[in-house]
Each structure stands twice: as C-alpha cells, then as structure tokens.
2 protein chains.
Amino acid sequence: MKKQKITIHDISKALKIDSSTVSRALNDSSRVSLKTKQKILDKAEELGYQRNILASNLRTNKTNTIGVIVPRISRSFFSSVISGIEDTAQNSGYNVIICQSFESFEREKKIMNTLLSNRVDGVLISISMQTTSFDYLKPYLDYGGPIVFYDRPCSFENCSSISVNDYKASYTVTEHLIQSGCKNIVHFAGPQIIDLYKNRKQGYVDAIINNGLEFKESYCFESKLAEEDGVAFAKKIISMENIDGVYSSNDTAAIGAMQYLKFMGVKIPEDIAVAGFNNDPISSVIEPGLTTINQPDFEMGKIAANMLIEQIKNETTNKESKVLDVELIIRNSSQKN
Amino acid sequence: MKKQKITIHDISKALKIDSSTVSRALNDSSRVSLKTKQKILDKAEELGYQRNILASNLRTNKTNTIGVIVPRISRSFFSSVISGIEDTAQNSGYNVIICQSFESFEREKKIMNTLLSNRVDGVLISISMQTTSFDYLKPYLDYGGPIVFYDRPCSFENCSSISVNDYKASYTVTEHLIQSGCKNIVHFAGPQIIDLYKNRKQGYVDAIINNGLEFKESYCFESKLAEEDGVAFAKKIISMENIDGVYSSNDTAAIGAMQYLKFMGVKIPEDIAVAGFNNDPISSVIEPGLTTINQPDFEMGKIAANMLIEQIKNETTNKESKVLDVELIIRNSSQKN
DNA sequence: CTGTTAGCGCCTTCAA
DNA sequence: TTGAAGGCGCTAACAG
C-alpha cells in the first residue's frame, strides 16, 4: 500500500532535464549551473522528493553508516561511550547503528553478519564476555571494512583499539587503599577471560606485593558481571575476619553488593575503605565515601569513532592501539593507622 | 580498496546456471529442484557469498528494519523498553535501528528524515520533551510507513500508541500516601508539555482533592528531567514546613534530590513518606523505603514492536491506543497517625 | 554545463 | 523447473 515515491526521474520529466543532471544538482555538484540547480531544488521541494538512500548506497558502494556492537546499552559506561560515538559520527556525516550483544557470543556473530550484509562502512566493537575466537570477524575484514575495538581491546589482525590503562588505574587505586592503612583488601574481579579484567586484577596483585603485603587468592572473587555475584560477595565478606578494604573492578558486582548490604541494613563500617571502577553516577550516591576510578567514557566514544572514520576515509592501513589514562577521584576515604 | 564481493552472478557463472535460479535458490524458493538448490547453496558457501541486502532492499522495496526513536538510552526505563523491542523484532526477523533524540526536537526531525531516506519499514517513537508539532511525521506517513508512539502517546493522525495508565497510577500512589497519614504532599512533576506528565500531575491533584485535602500549586515543582532540578527541589523542601510526603513522577529529579540529600548528609526523616515512578533499580537502593510504581518497560517494548510489525505486515489501517496498568510496589512506607 | 549510456546486485514477471 | 529480460533509483564515466 506504500505510495510510489517521487524519484529523480519525476523531477527530470517535469523539468525536461536529464535525470543525471538532476542527480548532480541534488548532490550539489559544481558542474551544474546555479540556475538549473535552483530550478531542480525547487521542483524537488515542490514534489516532496526524498532521496532513496538505498539506491544511492548500492550505486556508490558505501552506506555512510557505522555499526556499533556493545554488550549492553543499559550499562552507564557504555551508554556514555555511545553518546560520544554518535556525537563524532554525526559531525562527520555518519549514521550509527547500535547493536547489543547482551554478552552473548552467538548474538555477536549474528550481528556482525547483518552488519556485513548491510555493508556498513566500519564497525566499532566491544567484545562480549563469551567471545574467545575472532574468526567470525574475518569475512568483514576480507570485505575491506575496518574494525576498531573499544574498551575491551584484543590483539587480532592488528586492528586498532582504544582502551583505558586498566593496569595502571588498578595499581594506583589499590596502592591508595594501602597507603590509607588497609592491610587486608578484598578484590571484586571481573571475568578473567576478558583481558581488561585480567589487567585490573594484575594491577591489584602487583600493588599488593610491591607494597610488602601478602597476596591471597582467597581475597579475589570473580564476578560474571551480574548483580547476584555482588550479593554473594557481600555475604562472604561479612563472614570474613580482618577485612579492612574492598576494591571492586566492576560496577555491577559492586552495586549488587551495596544493594544487598543496604537491604540487610548493614552499614559498611567506617573503617573499611572502598574503591572501585565506577562510571555509574548512582553508586556515588549509594556510597559517597567511595574512592572511584573515573573512566573517560564519552571521550572514548569520540576517539573510537574518529579512529574508525579516519580508517574509512583514508583507507589507511596503519593500525594503532590507544590507551587512555584515567582519573582517580579520591573522596573522603577513611585514613587509617 | 574494498574487495569486490561475490555476487549471485559469480555463482551463476561458476555453475552455468542462470542468476535468476540462483536467486531463487538462495531465497529458498520451492520452484527450484532440490538438487540444483543444494548445488547452489554449496557453491555459495564455498565462495563465501554474502547477500547484498542493499540491492535486495532496493528491489523489493522493503528493508526489514524498524527505526526506534528514543529520548535517551541511558534512562533505565528506555533501555528496558528497547530490549523488549529488540526481543520481539528479532523473533520476527526485523532489524532495529536505535536513535537518540536527546530530548531535542531538531534532532528528532533529522532522525525522522534519515529513517525515511533509509526506507525503514516502520517507526516506534517516544517524542522528545520539546516536540509540540507533529507535521514532520507527515512525509513518512505519506510514504506509507506506520508509526507507533510508545510511552509518550499523542493523538496525531490516529496513529497507534502504547502507554501506561499514568493518571490511575498517579492517583493510586497519591491516595496511598494520604491513607498512610500524609497531609502535605509535595509533587515532583515532569514537563507539563508532555501529556504523560500532565496526566500524572492530574492524578495527584484529583487524589488530593477527592480525599478532602487542599491542593496547593506551591507544592508542585516542575522538572525538566534533569538531576539539577531534583537538587533544587530538595533544597526547597528542606526549607519548607509541614511536609510529610513526597511523590515524584519522574526518576531523574528524584535521583538528583536523593543525591543531594545524601551528599549533604541529610537523611530523609522516617516520617516523610516517599513514593514515585521508578524503573531504575538503583533508586530502590538509595531509598529502600520508597513506594514505587513499577512500569512494564520490557513488556511495553514487546507490545509496541508487535503492534508495529502487525501494521507493517497486514498493511492494516486500524489504529489502536493500548494503555497498560502498572503495579504499585508498597515497601515499608511509614504509617502515620 | 548537460545529455547519453551503462550499470550497482538483486528479484520478478514472462515464456519456454 | 529453468532461462531471458527488465528494472528498483541512483550515479559515474564519457561525450558533446
């Protein structure tokens, strides 16, 4: 029942000007006289012409669209990254397609497939928690589309990536806790499959050891990025002795833990220092004393989009791995000893 | 530098079978013998054939894609709605393009334009805070594309809509506060331009009046859905006398207010009852005593997508306005008198 | 500056 | 069941 849309041919006929000229005018080519251009533009307006981008894309073999694969848009960090991406993309005239993998490898593969079928000009991807093999990216790379990894980098076919210096951030914040007097610091870790969380754990471990404390594996809890994990962690901590510090390297577990504690009416003792990666504005409300690592989310999105667009345009082959430093926000962490 | 992709013609040549037959086979048409179909499928696999959806879409004049316009994906309510939409869409074989208006009318118009240019099969929209005129939707409707409003309905060209019974929910929760003994209830309202927030306010007003209390306009604060508004509201409340209840009809202001109070170390007195619309799991952490109105977010997304897809497929013209009831979650609200 | 011609890759009559 | 032919709407040579 869709009405037939106006095409350049309709304009062409109405004006007795060839459709190729119409096309040129509509694309603001300099090779059309101002007079005819104006005539064409007016007619287009009059008829309510809307360019059919599908046809244009087919012809030019580009879509002016970039695909973004994200684990979950509901995660505050990611939705900020997306805003950054959209910001940059729009300024450069690109459309953005956002796809959620929900941390599922299967979905990720499927998404990559449709992005290829839709011939997006480039892809930004933060791999899912389950992703261990990257062969599924090959077809798109073979096609010639650039891929940039953001936040969760991985060395594959020397694609570009942009991420945060997780190791350093982790080391710094752990050391900060130690210098505040903590001697028994528990660590809420993320899935160790993901390099990012591995690096964060390593930062914690090294800070512990280099500062003369004893590293205990039993102080490390590995989360699958679910709030329930945090609840379990909270229960464990309550049952443990001596704990005087907590460092969480993922929001989700931390939020879960806090929810539980709040729900149970357990106040985090003043003498337990808490620190964590945290881009959710909310957790600062839950626990204002928290020392937080502030990740450059919006900025990361902008940089990622820029890197990708550059590769799309220049058809350059030089790949790079950018690493951003993070900001440590020290609130009113309790000072011990 | 993009490599030339395999087309049906490559398969056609390799097999000496006409491309039209290849096309049929690839579309699993019944008018191809099983034998040739298998041969074609094998060859396609072997050559790494990837259908060019652009071309297919151009030819068939449909894209199997629906566009979703959302004010902000970072709002918990909306990201759940989106998940619901994606869920349904995927099951029906539709792709989803998510676009954020950031509550800007200008962006909304631009988005609608590119969605039309991209010939999406249908559009789900929750209008921005600034949107007052709907003429910009005309071109898409003229084109024949269906539009369904979600969450923020508006009567335009009798498009379908799906929303929540805001008036009733608001009335109920206000009455609940009154029955708990509240006599001076402040209302954090949303932008009165948006019908939804107007309805919520009306629910509050009517509940107040019908229960024999006096309605005071000075008890109503209008938010622009920014956290700063909440901060301002919190300050006001602190300076006011007699307030024994707060009902917020938007998360954002509520969260802002709570952040501020928490930051200032002000505990919400036990004898002030608080209630609000709230889909952010976090605020229940901030204030576990909160009586909340639980909106069917995920479900709304599914229903919206279903309504739209039905209209796309059936090319039906019957429009409807669905209104969902909400669930009132009464936690440990303080009982007065 | 404008028109002619020829496709982009796919699908869909129509005929065999 | 298969092939031949044409065209979706647009753009990019190449002429003129």
# chains A, B, ... in the order shown; residues from 1 in each chain; ligands from 1

call {"tool": "select_by_dssp", "arguments": {"residues": "region 10-203 of chain A", "states": "strand (DSSP E)", "output": "ChimeraX atom specification"}}
result
/A:65-70,95-100,122-125,147-150,160-164,185-189

call {"tool": "write_last_selection", "arguments": {"atoms": "N, CA and C atoms", "output": "tab-separated table (two decimals), in the first residue's frame"}}
result
chain	number	residue	atom	x	y	z
A	65	THR	N	27.42	4.68	7.09
A	65	THR	CA	26.89	4.17	8.34
A	65	THR	C	27.97	3.36	9.06
A	66	ILE	N	28.07	3.55	10.35
A	66	ILE	CA	28.98	2.69	11.09
A	66	ILE	C	28.19	1.88	12.10
A	67	GLY	N	28.60	0.65	12.27
A	67	GLY	CA	27.92	-0.25	13.20
A	67	GLY	C	28.64	-0.25	14.54
A	68	VAL	N	27.86	-0.26	15.61
A	68	VAL	CA	28.47	-0.31	16.93
A	68	VAL	C	27.93	-1.54	17.66
A	69	ILE	N	28.82	-2.39	18.08
A	69	ILE	CA	28.40	-3.55	18.86
A	69	ILE	C	28.78	-3.30	20.31
A	70	VAL	N	27.81	-3.43	21.16
A	70	VAL	CA	28.00	-3.11	22.56
A	70	VAL	C	27.38	-4.23	23.40
A	95	ASN	N	25.87	7.84	9.95
A	95	ASN	CA	24.81	7.30	10.78
A	95	ASN	C	25.39	6.20	11.65
A	96	VAL	N	24.69	5.91	12.71
A	96	VAL	CA	25.17	4.90	13.65
A	96	VAL	C	24.10	3.84	13.87
A	97	ILE	N	24.50	2.60	13.78
A	97	ILE	CA	23.59	1.52	14.13
A	97	ILE	C	24.10	0.87	15.40
A	98	ILE	N	23.29	0.89	16.43
A	98	ILE	CA	23.71	0.32	17.71
A	98	ILE	C	23.14	-1.08	17.86
A	99	CYS	N	23.98	-2.03	18.20
A	99	CYS	CA	23.51	-3.40	18.38
A	99	CYS	C	24.01	-3.96	19.71
A	100	GLN	N	23.12	-4.54	20.47
A	100	GLN	CA	23.51	-5.12	21.75
A	100	GLN	C	23.79	-6.61	21.62
A	122	GLY	N	32.07	0.69	8.56
A	122	GLY	CA	33.06	0.36	9.58
A	122	GLY	C	32.35	-0.13	10.82
A	123	VAL	N	33.09	-0.79	11.68
A	123	VAL	CA	32.47	-1.36	12.88
A	123	VAL	C	33.30	-1.04	14.13
A	124	LEU	N	32.58	-0.60	15.16
A	124	LEU	CA	33.19	-0.42	16.48
A	124	LEU	C	32.68	-1.54	17.36
A	125	ILE	N	33.57	-2.23	18.02
A	125	ILE	CA	33.10	-3.36	18.80
A	125	ILE	C	33.77	-3.49	20.16
A	147	ILE	N	37.69	-2.37	11.45
A	147	ILE	CA	37.11	-2.65	12.76
A	147	ILE	C	37.98	-2.00	13.82
A	148	VAL	N	37.35	-1.34	14.76
A	148	VAL	CA	38.11	-0.78	15.89
A	148	VAL	C	37.50	-1.32	17.19
A	149	PHE	N	38.35	-1.89	18.02
A	149	PHE	CA	37.89	-2.38	19.32
A	149	PHE	C	37.91	-1.23	20.32
A	150	TYR	N	36.87	-1.13	21.09
A	150	TYR	CA	36.89	-0.11	22.14
A	150	TYR	C	36.64	-0.75	23.50
A	160	SER	N	42.87	-1.73	15.11
A	160	SER	CA	43.08	-0.66	16.08
A	160	SER	C	42.24	-0.90	17.32
A	161	SER	N	42.66	-0.27	18.39
A	161	SER	CA	41.84	-0.37	19.59
A	161	SER	C	42.04	0.86	20.46
A	162	ILE	N	41.04	1.10	21.25
A	162	ILE	CA	41.12	2.21	22.20
A	162	ILE	C	40.64	1.68	23.54
A	163	SER	N	41.42	1.93	24.56
A	163	SER	CA	41.03	1.41	25.86
A	163	SER	C	41.63	2.27	26.96
A	164	VAL	N	41.45	1.78	28.14
A	164	VAL	CA	41.89	2.54	29.29
A	164	VAL	C	43.07	1.81	29.90
A	185	ILE	N	42.88	-6.37	51.81
A	185	ILE	CA	41.97	-5.82	50.80
A	185	ILE	C	41.38	-6.91	49.91
A	186	VAL	N	40.09	-6.95	49.91
A	186	VAL	CA	39.38	-7.91	49.05
A	186	VAL	C	39.22	-7.30	47.66
A	187	HIS	N	39.24	-8.16	46.64
A	187	HIS	CA	39.07	-7.66	45.27
A	187	HIS	C	37.90	-8.33	44.56
A	188	PHE	N	36.95	-7.48	44.14
A	188	PHE	CA	35.87	-7.99	43.28
A	188	PHE	C	36.39	-7.94	41.85
A	189	ALA	N	36.73	-9.06	41.29
A	189	ALA	CA	37.27	-9.07	39.94
A	189	ALA	C	36.17	-9.33	38.92

call {"tool": "closest_atom_pairs", "arguments": {"of": "chain B", "to": "chain C", "cutoff": "12 Å", "atoms": "only C-alpha atoms (C1' of nucleotides)", "output": "JSON lines"}}
result
{"residue": "B:Gln4", "atom": "CA", "partner": "C:DC8", "partner_atom": "C1'", "distance": 11.5}
{"residue": "B:Lys5", "atom": "CA", "partner": "C:DG9", "partner_atom": "C1'", "distance": 10.2}
{"residue": "B:Ile6", "atom": "CA", "partner": "C:DG9", "partner_atom": "C1'", "distance": 9.9}
{"residue": "B:Thr7", "atom": "CA", "partner": "C:DG9", "partner_atom": "C1'", "distance": 6.8}
{"residue": "B:Ile8", "atom": "CA", "partner": "C:DG9", "partner_atom": "C1'", "distance": 7.8}
{"residue": "B:His9", "atom": "CA", "partner": "C:DG9", "partner_atom": "C1'", "distance": 8.7}
{"residue": "B:Asp10", "atom": "CA", "partner": "C:DG9", "partner_atom": "C1'", "distance": 11.2}
{"residue": "B:Ser19", "atom": "CA", "partner": "C:DC10", "partner_atom": "C1'", "distance": 9.4}
{"residue": "B:Ser20", "atom": "CA", "partner": "C:DC11", "partner_atom": "C1'", "distance": 7.7}
{"residue": "B:Thr21", "atom": "CA", "partner": "C:DC11", "partner_atom": "C1'", "distance": 10.4}
{"residue": "B:Val22", "atom": "CA", "partner": "C:DC10", "partner_atom": "C1'", "distance": 10.5}
{"residue": "B:Ser23", "atom": "CA", "partner": "C:DC11", "partner_atom": "C1'", "distance": 7.3}
{"residue": "B:Arg24", "atom": "CA", "partner": "C:DC11", "partner_atom": "C1'", "distance": 8.5}
{"residue": "B:Ala25", "atom": "CA", "partner": "C:DC11", "partner_atom": "C1'", "distance": 11.8}
{"residue": "B:Leu26", "atom": "CA", "partner": "C:DC10", "partner_atom": "C1'", "distance": 11.1}
{"residue": "B:Asn27", "atom": "CA", "partner": "C:DC11", "partner_atom": "C1'", "distance": 9.9}
{"residue": "B:Ser29", "atom": "CA", "partner": "C:DC11", "partner_atom": "C1'", "distance": 11.9}
{"residue": "B:Gln50", "atom": "CA", "partner": "C:DG9", "partner_atom": "C1'", "distance": 11.2}
{"residue": "B:Arg51", "atom": "CA", "partner": "C:DG9", "partner_atom": "C1'", "distance": 8.7}
{"residue": "B:Asn52", "atom": "CA", "partner": "C:DG9", "partner_atom": "C1'", "distance": 6.7}
{"residue": "B:Ile53", "atom": "CA", "partner": "C:DC10", "partner_atom": "C1'", "distance": 8.5}
{"residue": "B:Leu54", "atom": "CA", "partner": "C:DG9", "partner_atom": "C1'", "distance": 8.1}
{"residue": "B:Ala55", "atom": "CA", "partner": "C:DG9", "partner_atom": "C1'", "distance": 5.1}
{"residue": "B:Ser56", "atom": "CA", "partner": "C:DC10", "partner_atom": "C1'", "distance": 5.0}
{"residue": "B:Asn57", "atom": "CA", "partner": "C:DC10", "partner_atom": "C1'", "distance": 8.4}
{"residue": "B:Leu58", "atom": "CA", "partner": "C:DC10", "partner_atom": "C1'", "distance": 8.1}
{"residue": "B:Arg59", "atom": "CA", "partner": "C:DC11", "partner_atom": "C1'", "distance": 6.2}
{"residue": "B:Thr60", "atom": "CA", "partner": "C:DC11", "partner_atom": "C1'", "distance": 7.1}
{"residue": "B:Asn61", "atom": "CA", "partner": "C:DC11", "partner_atom": "C1'", "distance": 10.6}

call {"tool": "atom_distance", "arguments": {"atom1": "CA of Ser80 (chain B)", "atom2": "CA of Asp151 (chain B)"}}
result
12.1 Å

call {"tool": "interface_residues", "arguments": {"of": "chain D", "to": "chain B", "cutoff": "8 Å", "atoms": "only C-alpha atoms (C1' of nucleotides)", "output": "PyMOL selection string"}}
result
chain D and resi 1-3+8-9

call {"tool": "atom_distance", "arguments": {"atom1": "CA of Lys168 (chain B)", "atom2": "CA of Glu103 (chain B)"}}
result
25.6 Å

call {"tool": "select_by_dssp", "arguments": {"residues": "region 79-253 of chain B", "states": "alpha helix (DSSP H)", "output": "NGL selection string"}}
result
:B and (79-91 or 105-117 or 138-143 or 166-179 or 195-210 or 227-239 or 251-253)

call {"tool": "atom_distance", "arguments": {"atom1": "CA of Cys154 (chain A)", "atom2": "CA of Asp195 (chain A)"}}
result
7.5 Å

call {"tool": "closest_residue", "arguments": {"among": "A:Ser321, A:Gln192, A:Gln38, A:Asn314", "to": "chain B", "atoms": "only C-alpha atoms"}}
result
A:Asn314

call {"tool": "closest_residue", "arguments": {"among": "A:Gly48, A:Gly144, A:Gly245, A:Pro139", "to": "chain B", "atoms": "only C-alpha atoms"}}
result
A:Gly144
